[in-house]
Amino acid sequence: MKRHFITWLTLLFLIVVTGCTSSEYPDDNNFHEEWDYPLNFRIQGHGLFMTGSEKGYYFMNEDLIYYMDKESKKPVLLDNRPDHRCKNKPDSSNCYAFIQTEDGDIPALIQYYDSKLYVLESYWDTKSKRSKFDIVWKLSRMDPDGKNRKTFKIFNTKPNYVAIHRGYLYYSMMSAGKDNVQTTKVVRSKMEGKHREEVIYEKTGLDANITDIVPYGQQLYLNSWTDKGYEILRYDLETREVTAIADRKDEGGSNFLQAINGGDLYFSYYYGIVEDERNREFYSSNLKGEQIKQLKLDDPLTLSVFYKDNLYSYMRPLFAYAKDLPEGVPYEMAIYKDNEIIHRVNLTDLPKMNYNILGDEKYMFLRYEDYENIGYMILDKSMIEPGRAEFEPLLEGKNLMTQVK
């Protein structure tokens, strides 16, 4: 009887343990909102200033978090208390929406993950023994309504880019040794359990720099800057191997990741001088950088950016190169369906420095900034095929970087 009891107890223990560890993360290349990095909300090279969730969107603006329900198109502060002080000397004790920043706004991260909201913050450590100007970076975790904020992680040095994806936190960092030799690393640690850090990529030298981290499915893509220009690196989550993909260095071209959709990568090459017409071509491949094909789109007339969602492709000039458009050519975003332009969105009257945020099936967003203001605009994708889609004002605040706090 005792033997049967021990056997039964052992089986029960195994069931319990299995149940506790059976929350396996997806191992496919489909997008899973609860566990995956929100690829379509990132700004290339900057990170996440906004993110989506099941019910709405979160925005970072003026060191504050705003929330917008998917049906309302009216962003509100992430603090519904009538006596909050979010607009009057806010801090983490009197404003759920407050974001602590001391070192600018890059890198940026606001990500909805596993029913929690994560925000990257920084503060000046006045008690630091290392330096009078020691800026500490931390990742904070809170409930979706801004309550119960806790420090999730303190970084030992400033992270350059941060992403959460399928059970891991990823970030890149740069450091210099005693001989001022620069080293770039990409590090990951588990979101649950012990947060032991694991270096998954490391390169030493002045030419080593990771300019973006882009998780997607079962891989992590890194836009890397080298002495020969940009290159796309792919880290395989299963094999843990890092490889350079879609390489054309032998032709003098460096490649740069533009978009990912479904089972395809979209990228471009740069050949050293702006005038080279090959810079304006876009290509697709599978997720390993194989089976490369040139896209059949109208040739843009200056350096441009490409975006792709499940319905449409979008192409627009980089705002810094809009001035290089031939005389009489409008500054606009072209929207394609089945390789045919179905709508054009005028960009002429927008603030000069602006970045598209691809968004979801409902909306595309645009983040802009000038000397005085930083804000967001919104484009309703249901208006694309009727020919009435345009960017409309959504949220605006003061540019704190150009004003005395």
# chains A, B, ... in the order shown; residues from 1 in each chain; ligands from 1
>>> select_by_dssp(residues="stretch 54-277 of chain A", states="strand (DSSP E)", output="PyMOL selection string")
chain A and resi 56-61+64-69+76-77+110-113+116-124+135-142+150-154+161-165+168-176+182-190+198-204+209-216+219-226+229-236+242-245+254-261+264-270
>>> closest_atom_pairs(of="stretch 143-206 of chain A", to="stretch 234-258 of chain A", cutoff="12 Å", atoms="only C-alpha atoms", output="tab-separated table")
residue	atom	partner	partner_atom	distance
A:His165	CA	A:Leu237	CA	10.7
A:Arg166	CA	A:Leu237	CA	10.0
A:Gly167	CA	A:Leu237	CA	11.4
A:Tyr168	CA	A:Leu237	CA	10.7
A:Tyr170	CA	A:Tyr235	CA	11.7
A:Val186	CA	A:Tyr235	CA	10.4
A:Val187	CA	A:Tyr235	CA	11.8
A:Arg188	CA	A:Leu237	CA	11.3
A:Glu198	CA	A:Arg240	CA	11.3
A:Val199	CA	A:Arg240	CA	10.8
A:Ile200	CA	A:Arg240	CA	7.5
A:Tyr201	CA	A:Val242	CA	7.4
A:Glu202	CA	A:Val242	CA	10.2
A:Lys203	CA	A:Val242	CA	11.7
>>> closest_atom_pairs(of="stretch 25-113 of chain A", to="stretch 351-364 of chain A", cutoff="12 Å", atoms="only C-alpha atoms", output="CSV")
residue,atom,partner,partner_atom,distance
A:Phe31,CA,A:Asp360,CA,11.8
A:Glu33,CA,A:Asp360,CA,11.1
A:Pro38,CA,A:Gly359,CA,9.0
A:Leu39,CA,A:Gly359,CA,8.9
A:Asn40,CA,A:Leu358,CA,5.2
A:Phe41,CA,A:Ile357,CA,5.3
A:Arg42,CA,A:Ile357,CA,6.4
A:Ile43,CA,A:Ile357,CA,6.3
A:Gln44,CA,A:Tyr355,CA,8.7
A:Gly45,CA,A:Tyr355,CA,10.9
A:His46,CA,A:Tyr355,CA,10.0
A:Gly47,CA,A:Ile357,CA,10.7
A:Leu48,CA,A:Ile357,CA,9.4
A:Phe49,CA,A:Ile357,CA,9.4
A:Met50,CA,A:Ile357,CA,8.7
A:Thr51,CA,A:Gly359,CA,8.4
A:Gly52,CA,A:Gly359,CA,7.9
A:Ser53,CA,A:Asp360,CA,10.3
A:Glu54,CA,A:Asp360,CA,11.1
A:Gly56,CA,A:Asp360,CA,10.7
A:Tyr57,CA,A:Gly359,CA,9.6
A:Tyr58,CA,A:Gly359,CA,11.7
A:Phe59,CA,A:Ile357,CA,11.6
A:Asp69,CA,A:Lys362,CA,12.0
A:Lys70,CA,A:Lys362,CA,8.3
A:Glu71,CA,A:Lys362,CA,9.7
A:Lys73,CA,A:Tyr363,CA,10.0
>>> residues_around(residues="A:Asp227", least_positions_apart="2", cutoff="8 Å", atoms="only C-alpha atoms", output="list in words")
Asp207, Ala208, Trp225 and Gly229 of chain A
>>> select_by_dssp(residues="stretch 3-229 of chain A", states="alpha helix (DSSP H)", output="VMD selection string")
chain A and resid 3 to 21
>>> closest_atom_pairs(of="stretch 203-308 of chain A", to="stretch 312-333 of chain A", cutoff="9 Å", atoms="only C-alpha atoms", output="CSV")
residue,atom,partner,partner_atom,distance
A:Pro300,CA,A:Pro317,CA,7.7
A:Leu301,CA,A:Leu325,CA,6.1
A:Thr302,CA,A:Leu325,CA,6.1
A:Leu303,CA,A:Pro317,CA,5.8
A:Ser304,CA,A:Pro317,CA,3.9
A:Val305,CA,A:Arg316,CA,5.5
A:Phe306,CA,A:Met315,CA,4.7
A:Tyr307,CA,A:Tyr314,CA,5.0
A:Lys308,CA,A:Ser313,CA,4.5
>>> write_last_selection(atoms="all heavy atoms", output="JSON list (two decimals), in the first residue's frame")
[["chain", "number", "residue", "atom", "x", "y", "z"],
["A", 300, "PRO", "N", 11.31, 54.66, -56.76],
["A", 300, "PRO", "CA", 11.23, 55.95, -56.08],
["A", 300, "PRO", "C", 12.30, 56.90, -56.62],
["A", 300, "PRO", "O", 13.33, 56.46, -57.15],
["A", 300, "PRO", "CB", 11.49, 55.59, -54.61],
["A", 300, "PRO", "CG", 12.26, 54.32, -54.66],
["A", 300, "PRO", "CD", 11.77, 53.58, -55.87],
["A", 301, "LEU", "N", 12.08, 58.19, -56.46],
["A", 301, "LEU", "CA", 12.98, 59.19, -57.05],
["A", 301, "LEU", "C", 13.99, 59.71, -56.05],
["A", 301, "LEU", "O", 14.77, 60.61, -56.38],
["A", 301, "LEU", "CB", 12.14, 60.33, -57.63],
["A", 301, "LEU", "CG", 11.18, 59.88, -58.75],
["A", 301, "LEU", "CD1", 10.30, 61.04, -59.20],
["A", 301, "LEU", "CD2", 11.95, 59.31, -59.93],
["A", 302, "THR", "N", 14.00, 59.18, -54.85],
["A", 302, "THR", "CA", 15.02, 59.51, -53.86],
["A", 302, "THR", "C", 15.05, 58.38, -52.84],
["A", 302, "THR", "O", 14.25, 57.44, -52.91],
["A", 302, "THR", "CB", 14.73, 60.87, -53.19],
["A", 302, "THR", "OG1", 15.85, 61.22, -52.36],
["A", 302, "THR", "CG2", 13.48, 60.80, -52.33],
["A", 303, "LEU", "N", 15.98, 58.43, -51.88],
["A", 303, "LEU", "CA", 16.06, 57.38, -50.87],
["A", 303, "LEU", "C", 14.75, 57.30, -50.10],
["A", 303, "LEU", "O", 14.24, 58.31, -49.62],
["A", 303, "LEU", "CB", 17.22, 57.66, -49.91],
["A", 303, "LEU", "CG", 18.63, 57.47, -50.48],
["A", 303, "LEU", "CD1", 19.66, 57.79, -49.41],
["A", 303, "LEU", "CD2", 18.83, 56.06, -50.99],
["A", 304, "SER", "N", 14.24, 56.09, -49.97],
["A", 304, "SER", "CA", 12.89, 55.92, -49.41],
["A", 304, "SER", "C", 12.87, 54.82, -48.37],
["A", 304, "SER", "O", 13.82, 54.05, -48.21],
["A", 304, "SER", "CB", 11.90, 55.60, -50.53],
["A", 304, "SER", "OG", 11.82, 56.67, -51.45],
["A", 305, "VAL", "N", 11.73, 54.73, -47.67],
["A", 305, "VAL", "CA", 11.48, 53.71, -46.67],
["A", 305, "VAL", "C", 10.33, 52.83, -47.15],
["A", 305, "VAL", "O", 9.38, 53.32, -47.76],
["A", 305, "VAL", "CB", 11.12, 54.33, -45.31],
["A", 305, "VAL", "CG1", 11.10, 53.26, -44.22],
["A", 305, "VAL", "CG2", 12.09, 55.42, -44.92],
["A", 306, "PHE", "N", 10.42, 51.53, -46.85],
["A", 306, "PHE", "CA", 9.39, 50.58, -47.28],
["A", 306, "PHE", "C", 8.75, 49.94, -46.05],
["A", 306, "PHE", "O", 9.43, 49.58, -45.09],
["A", 306, "PHE", "CB", 10.03, 49.51, -48.16],
["A", 306, "PHE", "CG", 9.07, 48.46, -48.64],
["A", 306, "PHE", "CD1", 8.29, 48.67, -49.77],
["A", 306, "PHE", "CD2", 8.94, 47.25, -47.96],
["A", 306, "PHE", "CE1", 7.41, 47.70, -50.22],
["A", 306, "PHE", "CE2", 8.06, 46.28, -48.40],
["A", 306, "PHE", "CZ", 7.29, 46.52, -49.53],
["A", 307, "TYR", "N", 7.42, 49.79, -46.10],
["A", 307, "TYR", "CA", 6.66, 49.14, -45.02],
["A", 307, "TYR", "C", 5.74, 48.09, -45.65],
["A", 307, "TYR", "O", 5.33, 48.23, -46.80],
["A", 307, "TYR", "CB", 5.80, 50.14, -44.25],
["A", 307, "TYR", "CG", 6.55, 51.34, -43.72],
["A", 307, "TYR", "CD1", 6.70, 52.49, -44.48],
["A", 307, "TYR", "CD2", 7.11, 51.32, -42.44],
["A", 307, "TYR", "CE1", 7.39, 53.60, -43.99],
["A", 307, "TYR", "CE2", 7.79, 52.41, -41.94],
["A", 307, "TYR", "CZ", 7.92, 53.55, -42.73],
["A", 307, "TYR", "OH", 8.61, 54.64, -42.25],
["A", 308, "LYS", "N", 5.40, 47.06, -44.88],
["A", 308, "LYS", "CA", 4.55, 46.00, -45.41],
["A", 308, "LYS", "C", 3.67, 45.44, -44.30],
["A", 308, "LYS", "O", 4.14, 45.08, -43.23],
["A", 308, "LYS", "CB", 5.41, 44.87, -45.99],
["A", 308, "LYS", "CG", 4.62, 43.73, -46.63],
["A", 308, "LYS", "CD", 4.12, 44.12, -48.01],
["A", 308, "LYS", "CE", 3.45, 42.96, -48.72],
["A", 308, "LYS", "NZ", 2.12, 42.61, -48.15]]
>>> residues_around(residues="A:Val76", least_positions_apart="4", cutoff="8 Å", atoms="only C-alpha atoms", output="list in words")
Tyr66, Tyr67 and Met68 of chain A
